file start04.txt (compact mmCIF, C-alpha atoms)
# COMPACT_ATOMS: atom_id res chain seq x y z
CA MET V 1 -6.54 -19.52 24.17
CA ARG V 2 -2.95 -18.54 23.65
CA LEU V 3 -2.76 -17.30 20.07
CA ALA V 4 0.33 -16.89 17.91
CA PHE V 5 -0.54 -13.85 15.82
CA TYR V 6 1.09 -13.06 12.49
CA ALA V 7 0.42 -10.42 9.84
CA PRO V 8 2.52 -11.33 6.77
CA PHE V 9 1.75 -8.07 4.93
CA LYS V 10 2.13 -5.33 7.54
CA PRO V 11 3.05 -6.10 11.17
CA ILE V 12 1.09 -4.34 13.89
CA GLY V 13 4.02 -2.00 14.54
CA HIS V 14 4.31 -0.91 10.90
CA PRO V 15 5.32 2.79 10.79
CA ARG V 16 2.87 3.60 7.97
CA LEU V 17 -0.56 3.66 9.53
CA SER V 18 -3.28 2.15 7.35
CA GLY V 19 -6.53 0.23 7.53
CA ASP V 20 -4.56 -3.03 7.46
CA VAL V 21 -2.59 -2.05 10.56
CA THR V 22 -5.70 -0.74 12.32
CA ILE V 23 -7.66 -3.95 11.72
CA ALA V 24 -4.70 -6.10 12.83
CA ARG V 25 -4.32 -4.13 16.06
CA ASP V 26 -8.05 -4.27 16.75
CA LEU V 27 -8.07 -8.02 16.10
CA MET V 28 -5.26 -8.69 18.56
CA GLY V 29 -6.78 -6.26 21.03
CA PHE V 30 -10.15 -8.01 20.92
CA PHE V 31 -8.73 -11.37 21.92
CA ASN V 32 -6.61 -9.90 24.69
CA GLU V 33 -9.56 -7.93 26.05
CA ARG V 34 -11.60 -11.13 26.04
CA GLY V 35 -9.07 -12.76 28.37
CA HIS V 36 -7.11 -14.70 25.77
CA ARG V 37 -3.43 -14.16 25.10
CA ALA V 38 -2.63 -13.03 21.57
CA GLU V 39 1.05 -12.38 20.86
CA GLU V 40 2.74 -11.34 17.63
CA VAL V 41 5.29 -14.08 16.97
CA SER V 42 7.00 -12.36 14.05
CA SER V 43 7.07 -8.85 12.60
CA PHE V 44 8.77 -9.91 9.37
CA SER V 45 6.88 -8.80 6.26
CA LEU V 46 6.55 -11.29 3.42
CA GLU V 47 5.49 -8.68 0.86
CA TRP V 48 6.72 -9.85 -2.58
CA ILE V 49 9.12 -12.21 -0.78
CA TYR V 50 9.18 -14.65 -3.70
CA TRP V 51 10.70 -11.97 -5.95
CA ARG V 52 13.27 -10.86 -3.36
CA PRO V 53 15.77 -13.73 -3.17
CA TRP V 54 18.26 -11.59 -1.26
CA LEU V 55 15.76 -11.67 1.65
CA TRP V 56 15.19 -15.43 1.60
CA PRO V 57 17.93 -16.25 4.18
CA LEU V 58 16.55 -13.62 6.55
CA ALA V 59 12.98 -14.79 5.98
CA ALA V 60 13.98 -18.39 6.70
CA HIS V 61 15.73 -17.30 9.89
CA GLN V 62 12.73 -15.26 11.06
CA LEU V 63 10.23 -18.04 10.33
CA ARG V 64 12.41 -20.67 12.04
CA ALA V 65 12.65 -18.44 15.11
CA ALA V 66 8.87 -18.04 15.15
CA ARG V 67 8.34 -21.80 14.84
CA LYS V 68 10.80 -22.46 17.65
CA ARG V 69 8.84 -20.07 19.84
CA LEU V 70 5.55 -21.77 18.98
CA ASP V 71 6.94 -25.22 19.75
CA SER V 72 8.53 -24.22 23.04
CA GLN V 73 5.96 -21.86 24.55
CA GLY V 74 2.72 -23.79 24.28
CA PHE V 75 0.59 -21.77 21.89
CA ASP V 76 -2.88 -23.20 21.34
CA ALA V 77 -3.43 -21.90 17.81
CA ILE V 78 -2.08 -19.71 15.03
CA LEU V 79 -4.05 -16.69 13.80
CA SER V 80 -2.74 -14.99 10.66
CA TYR V 81 -4.18 -11.79 9.25
CA HIS V 82 -4.54 -10.85 5.57
CA SER V 83 -2.78 -13.45 3.46
CA TYR V 84 -3.02 -12.82 -0.27
CA TYR V 85 -0.94 -13.14 -3.44
CA ARG V 86 1.28 -10.18 -2.60
CA SER V 87 2.16 -11.41 0.88
CA PRO V 88 1.10 -15.06 1.25
CA ASP V 89 1.30 -16.51 4.74
CA LEU V 90 4.15 -19.01 5.01
CA LEU V 91 4.21 -19.35 8.79
CA GLY V 92 0.76 -20.81 9.41
CA PRO V 93 0.88 -23.75 6.98
CA TRP V 94 4.37 -24.67 8.20
CA CYS V 95 3.65 -24.43 11.93
CA ARG V 96 0.19 -25.96 12.00
CA THR V 97 0.01 -29.31 13.81
CA ASP V 98 -2.74 -31.80 14.60
CA ASP V 99 -3.27 -30.22 18.03
CA ARG V 100 -2.42 -26.62 17.04
CA PRO V 101 -5.01 -25.34 14.55
CA TYR V 102 -4.37 -22.58 12.07
CA PHE V 103 -6.85 -19.76 11.46
CA LEU V 104 -6.84 -17.13 8.73
CA PHE V 105 -8.61 -13.78 9.08
CA ALA V 106 -9.37 -11.52 6.10
CA PRO V 107 -7.45 -13.38 3.38
CA ALA V 108 -8.15 -12.82 -0.31
CA TYR V 109 -8.28 -15.13 -3.30
CA ALA V 110 -8.49 -14.23 -6.97
CA THR V 111 -7.81 -16.72 -9.76
CA LYS V 112 -6.75 -13.94 -12.13
CA ASN V 113 -3.44 -13.86 -10.26
CA ARG V 114 -2.50 -17.33 -11.51
CA LYS V 115 -2.42 -15.99 -15.06
CA LYS V 116 0.45 -13.54 -14.59
CA VAL V 117 4.10 -14.41 -14.19
CA LYS V 118 4.55 -11.71 -11.54
CA THR V 119 1.74 -12.96 -9.30
CA TRP V 120 1.69 -16.72 -10.03
CA PRO V 121 4.09 -17.69 -7.19
CA GLY V 122 2.12 -15.62 -4.69
CA PHE V 123 -1.16 -17.08 -5.91
CA GLN V 124 0.10 -20.63 -5.38
CA LEU V 125 1.57 -19.92 -1.94
CA ASN V 126 -1.59 -18.15 -0.83
CA ARG V 127 -3.72 -21.02 -2.15
CA ARG V 128 -1.60 -23.38 -0.08
CA ALA V 129 -2.25 -21.31 3.04
CA LEU V 130 -6.01 -21.23 2.41
CA LEU V 131 -6.18 -24.99 1.96
CA ALA V 132 -4.09 -25.57 5.10
CA ALA V 133 -6.23 -23.36 7.35
CA ASP V 134 -8.57 -25.11 9.78
CA HIS V 135 -10.98 -22.19 9.41
CA VAL V 136 -11.02 -19.06 7.28
CA PHE V 137 -12.80 -15.88 8.39
CA SER V 138 -13.60 -13.31 5.72
CA ASN V 139 -14.51 -9.69 6.54
CA LYS V 140 -15.44 -8.63 3.02
CA ARG V 141 -18.35 -10.07 1.01
CA LYS V 142 -16.57 -9.90 -2.34
CA ASP V 143 -13.63 -11.83 -0.91
CA HIS V 144 -16.02 -14.26 0.78
CA LEU V 145 -17.60 -15.18 -2.55
CA ASN V 146 -14.19 -15.75 -4.14
CA LEU V 147 -12.94 -17.77 -1.17
CA ALA V 148 -16.00 -20.00 -1.36
CA ARG V 149 -14.71 -21.24 -4.73
CA LEU V 150 -11.78 -22.87 -2.93
CA VAL V 151 -12.53 -23.23 0.78
CA PRO V 152 -15.27 -25.69 1.83
CA GLN V 153 -18.34 -24.06 3.35
CA GLU V 154 -17.84 -25.70 6.74
CA ARG V 155 -14.39 -24.07 7.01
CA LEU V 156 -15.45 -20.58 5.90
CA SER V 157 -17.27 -17.83 7.84
CA TYR V 158 -18.17 -14.23 7.06
CA ILE V 159 -17.47 -11.76 9.87
CA ARG V 160 -18.69 -8.20 9.48
CA PRO V 161 -15.95 -5.58 9.97
CA GLY V 162 -16.18 -3.94 13.37
CA ILE V 163 -14.92 -1.06 15.48
CA HIS V 164 -15.09 -0.19 19.16
CA THR V 165 -18.14 2.06 18.92
CA ALA V 166 -17.49 3.38 22.43
CA TRP V 167 -14.34 5.02 21.07
CA PHE V 168 -16.34 6.95 18.48
CA GLU V 169 -19.06 8.97 20.21
CA ARG V 170 -19.95 12.51 19.20
CA ASP V 171 -18.52 14.96 21.74
CA ARG V 172 -20.87 17.94 21.79
CA LYS V 173 -18.60 19.96 24.05
CA VAL V 174 -15.69 19.59 21.62
CA ARG V 175 -18.01 20.34 18.73
CA ASP V 176 -19.18 23.63 20.25
CA GLU V 177 -15.66 24.60 21.28
CA TYR V 178 -14.01 24.01 17.92
CA ARG V 179 -16.82 25.34 15.78
CA GLN V 180 -16.50 28.58 17.72
CA LYS V 181 -12.68 28.51 17.63
CA TRP V 182 -12.60 27.87 13.88
CA GLU V 183 -15.44 30.35 13.22
CA LEU V 184 -17.68 27.75 11.62
CA GLY V 185 -20.91 28.99 13.19
CA ASP V 186 -23.85 27.18 11.61
CA ILE V 187 -22.16 26.72 8.23
CA PRO V 188 -22.54 23.10 6.99
CA THR V 189 -19.16 21.43 7.33
CA VAL V 190 -17.66 18.54 5.38
CA VAL V 191 -14.92 16.49 7.03
CA SER V 192 -12.51 14.10 5.34
CA ALA V 193 -9.54 12.11 6.62
CA ALA V 194 -6.69 10.10 5.12
CA MET V 195 -2.94 9.81 5.24
CA PHE V 196 -1.38 12.17 2.70
CA ARG V 197 0.41 9.47 0.75
CA PRO V 198 0.81 9.76 -3.03
CA GLY V 199 -1.64 7.47 -4.75
CA VAL V 200 -5.30 6.74 -4.15
CA LYS V 201 -5.43 8.42 -0.72
CA VAL V 202 -4.32 11.76 -2.13
CA GLU V 203 -6.47 11.27 -5.24
CA GLY V 204 -9.49 10.80 -3.01
CA LEU V 205 -8.81 13.99 -1.07
CA ILE V 206 -8.34 15.89 -4.33
CA TRP V 207 -11.80 14.74 -5.42
CA VAL V 208 -13.26 16.04 -2.16
CA ILE V 209 -11.48 19.41 -2.48
CA ARG V 210 -12.55 19.93 -6.08
CA THR V 211 -16.11 18.82 -5.43
CA CYS V 212 -16.47 21.23 -2.51
CA ALA V 213 -15.00 24.01 -4.65
CA GLU V 214 -17.53 23.31 -7.42
CA LEU V 215 -20.41 23.45 -4.91
CA MET V 216 -19.16 26.79 -3.64
CA ARG V 217 -19.01 28.13 -7.19
CA GLU V 218 -22.67 27.13 -7.47
CA GLY V 219 -23.41 29.35 -4.47
CA LEU V 220 -23.47 26.79 -1.64
CA GLU V 221 -21.85 27.99 1.58
CA LEU V 222 -19.76 25.27 3.23
CA ARG V 223 -16.53 24.57 5.04
CA LEU V 224 -14.10 21.68 4.58
CA LEU V 225 -11.95 20.17 7.36
CA ILE V 226 -9.24 17.64 6.50
CA ALA V 227 -7.37 15.45 9.01
CA GLY V 228 -4.13 13.68 8.19
CA SER V 229 -0.47 14.17 7.42
CA GLY V 230 2.15 12.89 5.03
CA PRO V 231 4.53 13.70 2.19
CA ALA V 232 1.84 15.14 -0.11
CA GLN V 233 0.66 17.76 2.37
CA ASP V 234 2.18 20.75 0.56
CA ARG V 235 0.55 19.68 -2.70
CA LEU V 236 -2.85 19.27 -1.08
CA GLU V 237 -2.66 22.54 0.83
CA SER V 238 -1.65 24.43 -2.31
CA LEU V 239 -4.55 22.97 -4.28
CA ALA V 240 -7.04 23.57 -1.46
CA LEU V 241 -5.95 27.20 -0.98
CA HIS V 242 -6.33 27.84 -4.69
CA GLN V 243 -9.72 26.12 -4.92
CA LEU V 244 -11.30 27.01 -1.57
CA GLY V 245 -9.37 29.86 -0.01
CA ASP V 246 -10.19 30.25 3.68
CA ALA V 247 -13.11 27.79 3.46
CA VAL V 248 -10.74 24.87 4.10
CA ARG V 249 -8.70 23.96 7.16
CA PHE V 250 -6.05 21.27 7.52
CA CYS V 251 -6.40 19.98 11.06
CA GLY V 252 -3.29 17.81 11.34
CA PHE V 253 -2.83 14.22 12.42
CA TYR V 254 -5.05 12.71 15.13
CA GLU V 255 -4.31 9.55 17.07
CA ARG V 256 -7.11 7.06 16.45
CA ARG V 257 -8.52 7.31 19.96
CA GLN V 258 -8.83 11.08 19.41
CA MET V 259 -10.47 10.95 15.99
CA HIS V 260 -13.95 11.27 17.52
CA ARG V 261 -13.01 14.85 18.39
CA PHE V 262 -12.37 15.63 14.74
CA TYR V 263 -15.53 13.90 13.48
CA SER V 264 -17.59 15.69 16.14
CA VAL V 265 -16.92 19.08 14.54
CA GLY V 266 -18.33 18.08 11.14
CA ASP V 267 -21.75 17.48 9.63
CA VAL V 268 -20.95 15.13 6.72
CA PHE V 269 -18.04 12.76 6.08
CA ALA V 270 -16.86 12.55 2.46
CA PHE V 271 -14.17 10.38 0.88
CA PRO V 272 -14.45 8.52 -2.46
CA GLY V 273 -12.61 5.38 -1.32
CA ILE V 274 -10.67 4.55 -4.48
CA ASN V 275 -9.47 0.93 -4.11
CA GLU V 276 -10.44 1.16 -0.44
CA GLY V 277 -10.49 -2.33 1.05
CA LEU V 278 -13.13 -1.51 3.64
CA GLY V 279 -12.53 2.01 4.86
CA MET V 280 -12.63 1.97 8.65
CA ALA V 281 -12.97 5.76 8.66
CA TYR V 282 -16.49 5.37 7.26
CA LEU V 283 -17.48 3.30 10.29
CA GLU V 284 -15.78 5.71 12.69
CA ALA V 285 -17.44 8.79 11.22
CA GLN V 286 -20.87 7.16 11.09
CA SER V 287 -20.47 6.02 14.68
CA CYS V 288 -20.03 9.70 15.56
CA GLY V 289 -23.34 10.49 13.87
CA LEU V 290 -22.13 11.68 10.47
CA PRO V 291 -23.74 10.52 7.21
CA ALA V 292 -21.04 9.36 4.79
CA VAL V 293 -20.67 9.99 1.06
CA ALA V 294 -18.49 7.59 -0.94
CA TRP V 295 -18.15 5.79 -4.26
CA ASP V 296 -19.24 2.29 -5.18
CA HIS V 297 -15.64 1.56 -6.19
CA ASP V 298 -14.73 -1.14 -3.69
CA GLY V 299 -15.23 -1.53 0.06
CA ALA V 300 -17.37 1.48 0.98
CA PRO V 301 -20.75 -0.11 0.08
CA GLU V 302 -20.05 -2.81 2.67
CA VAL V 303 -19.86 -0.33 5.53
CA ILE V 304 -22.33 2.37 4.39
CA GLU V 305 -26.04 1.60 4.08
CA HIS V 306 -26.98 3.53 0.96
CA GLY V 307 -29.89 5.89 1.47
CA VAL V 308 -29.96 5.17 5.19
CA SER V 309 -26.59 5.94 6.82
CA GLY V 310 -25.10 7.72 3.83
CA ILE V 311 -25.01 7.91 0.06
CA ILE V 312 -23.05 5.72 -2.35
CA THR V 313 -22.44 7.29 -5.78
CA PRO V 314 -21.05 5.88 -9.04
CA SER V 315 -17.27 5.87 -9.13
CA PHE V 316 -15.41 8.68 -10.91
CA ASN V 317 -18.72 10.50 -11.46
CA GLY V 318 -18.05 14.03 -10.24
CA PRO V 319 -21.59 15.40 -10.71
CA ALA V 320 -23.15 12.48 -8.80
CA PHE V 321 -20.65 12.86 -5.94
CA GLY V 322 -21.39 16.59 -5.86
CA ARG V 323 -25.16 16.10 -5.87
CA ALA V 324 -24.96 13.71 -2.94
CA LEU V 325 -22.88 16.15 -0.90
CA LYS V 326 -25.12 19.05 -1.85
CA ARG V 327 -28.24 17.20 -0.80
CA LEU V 328 -26.87 16.56 2.68
CA LEU V 329 -25.37 20.01 3.12
CA GLU V 330 -28.51 21.84 2.04
CA ASP V 331 -31.06 19.77 3.97
CA HIS V 332 -30.50 19.83 7.73
CA ASN V 333 -33.35 17.38 8.40
CA ILE V 334 -32.04 14.73 6.01
CA ARG V 335 -28.54 15.23 7.38
CA ARG V 336 -29.71 14.82 10.97
CA THR V 337 -31.89 11.79 10.18
CA MET V 338 -29.15 10.02 8.25
CA GLY V 339 -26.62 10.88 10.93
CA SER V 340 -28.81 9.31 13.61
CA LYS V 341 -29.36 6.21 11.49
CA ALA V 342 -25.64 6.03 10.73
CA ARG V 343 -24.86 5.85 14.44
CA GLU V 344 -27.54 3.19 14.94
CA PHE V 345 -26.36 1.22 11.89
CA VAL V 346 -22.77 0.97 13.13
CA ARG V 347 -23.83 0.00 16.65
CA GLN V 348 -26.19 -2.69 15.43
CA LYS V 349 -24.07 -4.24 12.69
CA HIS V 350 -20.44 -3.22 13.18
CA GLU V 351 -19.67 -3.38 16.89
CA ILE V 352 -16.42 -5.31 17.18
CA ASN V 353 -17.29 -7.03 20.46
CA GLN V 354 -20.43 -8.43 18.89
CA ASN V 355 -19.11 -9.41 15.47
CA TYR V 356 -15.82 -10.94 16.53
CA ARG V 357 -17.52 -13.03 19.24
CA THR V 358 -18.73 -15.43 16.52
CA MET V 359 -15.15 -15.95 15.37
CA GLU V 360 -13.96 -16.43 18.94
CA ASN V 361 -16.56 -19.14 19.59
CA THR V 362 -15.64 -21.01 16.42
CA MET V 363 -11.95 -20.92 17.29
CA ILE V 364 -12.55 -22.10 20.86
CA GLN V 365 -14.66 -25.00 19.61
CA ILE V 366 -12.02 -26.12 17.09
CA CYS V 367 -9.23 -25.84 19.68
CA ARG V 368 -11.24 -27.95 22.14
CA GLN V 369 -11.94 -30.60 19.52
CA ARG V 370 -8.25 -30.78 18.64
CA GLY V 371 -7.32 -31.00 22.31
CA GLU V 372 -9.74 -33.86 22.87
CA LYS V 373 -8.38 -35.76 19.88
CA ALA V 374 -4.80 -35.22 21.04
CA SER V 375 -5.60 -36.56 24.52
call {"tool": "encode", "arguments": {"input": "start04.txt", "output": "structure tokens"}}
result
Amino acid sequence: MRLAFYAPFKPIGHPRLSGDVTIARDLMGFFNERGHRAEEVSSFSLEWIYWRPWLWPLAAHQLRAARKRLDSQGFDAILSYHSYYRSPDLLGPWCRTDDRPYFLFAPAYATKNRKKVKTWPGFQLNRRALLAADHVFSNKRKDHLNLARLVPQERLSYIRPGIHTAWFERDRKVRDEYRQKWELGDIPTVVSAAMFRPGVKVEGLIWVIRTCAELMREGLELRLLIAGSGPAQDRLESLALHQLGDAVRFCGFYERRQMHRFYSVGDVFAFPGINEGLGMAYLEAQSCGLPAVAWDHDGAPEVIEHGVSGIITPSFNGPAFGRALKRLLEDHNIRRTMGSKAREFVRQKHEINQNYRTMENTMIQICRQRGEKAS
């Protein structure tokens, strides 16, 4: 298949790395690795486009250029990623034809957005995209349930989120090297990772820092390693130094294909996941054999098997979050058992080449049916 790929919220080259960008890149990469040809046909973001009239001429120009490319270069189908009220897909519904099906991956649908003036236009445009799609693939159970209220069952599939597990293997050589270099010895070590952007990412890291500090005040020996970078770094470092002293280390930014090196040094991965859509870092850390501790706030429970691969605690409950971390840090056997099961859990249920194969087969079948009808 030759696929016209479009991400109306954040294009794959977006300078601000996030889970959205990571999933979009992995999605395109999967199809290309499988021998298809997925190409981004536009990098124009439609975020809040309906409230930005000064951008409408540019948006129209960009979408016309994308349609011209689709019509002239023989694309078999359109695959759009993450359409929702804030950035509804306009390209797919417009460029879909009888012999060129339109697929949506990881859209969202919430009727509450039709009740507000600010979000009503986006709700309607997103609804239009969902109804126009030949098949909708959801990667989040909550979204899947909401989508089922609008999209017929035969046009809706749930696809578990996935990662390339081969990219996230524990490197024992790196672990030994850096634990010696950073003088960690046998001290239980918490790792956390996020971009240091003001908002929920920074709030989550602050919870980790303060929770670790509270455990140390209770007499628990631990170390905290944090990976990431961003505008709030000075604030986080100042807080961490005050709360933890030399028990914390900021390890800088790691390219994704190098993150296994960072995870390998730790014993437990901790991050609350406030408003976290899915939290790919949870899958990455677990794949490297780390049990994960997170809140039940949003996406984390979908990628952490509570009591097996990690521990899910009530949101904004500091004592519960602390108890979960303490349990894993104090008990080496539980930590090792959960870490082993975490690795197995991700490989069995969240391997991208396994999970996305179902989507690929559905798309191939629909494209063939359309081709037969057209001929």
call {"tool": "closest_residue", "arguments": {"input": "start04.txt", "among": "V:Cys95, V:Glu344, V:Leu278, V:Phe123", "to": "Glu302 (chain V)", "atoms": "all atoms listed in the file"}}
result
V:Leu278
call {"tool": "atom_distance", "arguments": {"input": "start04.txt", "atom1": "CA of Leu27 (chain V)", "atom2": "CA of Gly228 (chain V)"}}
result
23.4 Å
call {"tool": "atom_distance", "arguments": {"input": "start04.txt", "atom1": "CA of Ser80 (chain V)", "atom2": "CA of Leu104 (chain V)"}}
result
5.0 Å
call {"tool": "closest_residue", "arguments": {"input": "start04.txt", "among": "V:His82, V:Lys116, V:Lys201, V:Arg335", "to": "Val293 (chain V)", "atoms": "only C-alpha atoms"}}
result
V:Arg335
call {"tool": "atom_distance", "arguments": {"input": "start04.txt", "atom1": "CA of Leu79 (chain V)", "atom2": "CA of Gln365 (chain V)"}}
result
14.7 Å
call {"tool": "closest_residue", "arguments": {"input": "start04.txt", "among": "V:Trp94, V:Gly273, V:Tyr85, V:Asn317", "to": "Arg114 (chain V)", "atoms": "all atoms listed in the file"}}
result
V:Tyr85
call {"tool": "closest_residue", "arguments": {"input": "start04.txt", "among": "V:Leu125, V:Ile312, V:Val191, V:Ile163", "to": "His350 (chain V)", "atoms": "only C-alpha atoms"}}
result
V:Ile163
call {"tool": "closest_residue", "arguments": {"input": "start04.txt", "among": "V:Met195, V:Arg37, V:Gly279, V:Leu90", "to": "Tyr254 (chain V)", "atoms": "only C-alpha atoms"}}
result
V:Met195
call {"tool": "axis_aligned_box", "arguments": {"input": "start04.txt", "around": "region 335-345 of chain V", "padding_each_side": "4 Å", "output": "lines of an AutoDock Vina configuration file"}}
result
center_x = -28.4
center_y = 8.2
center_z = 11.2
size_x = 15.0
size_y = 22.0
size_z = 15.6
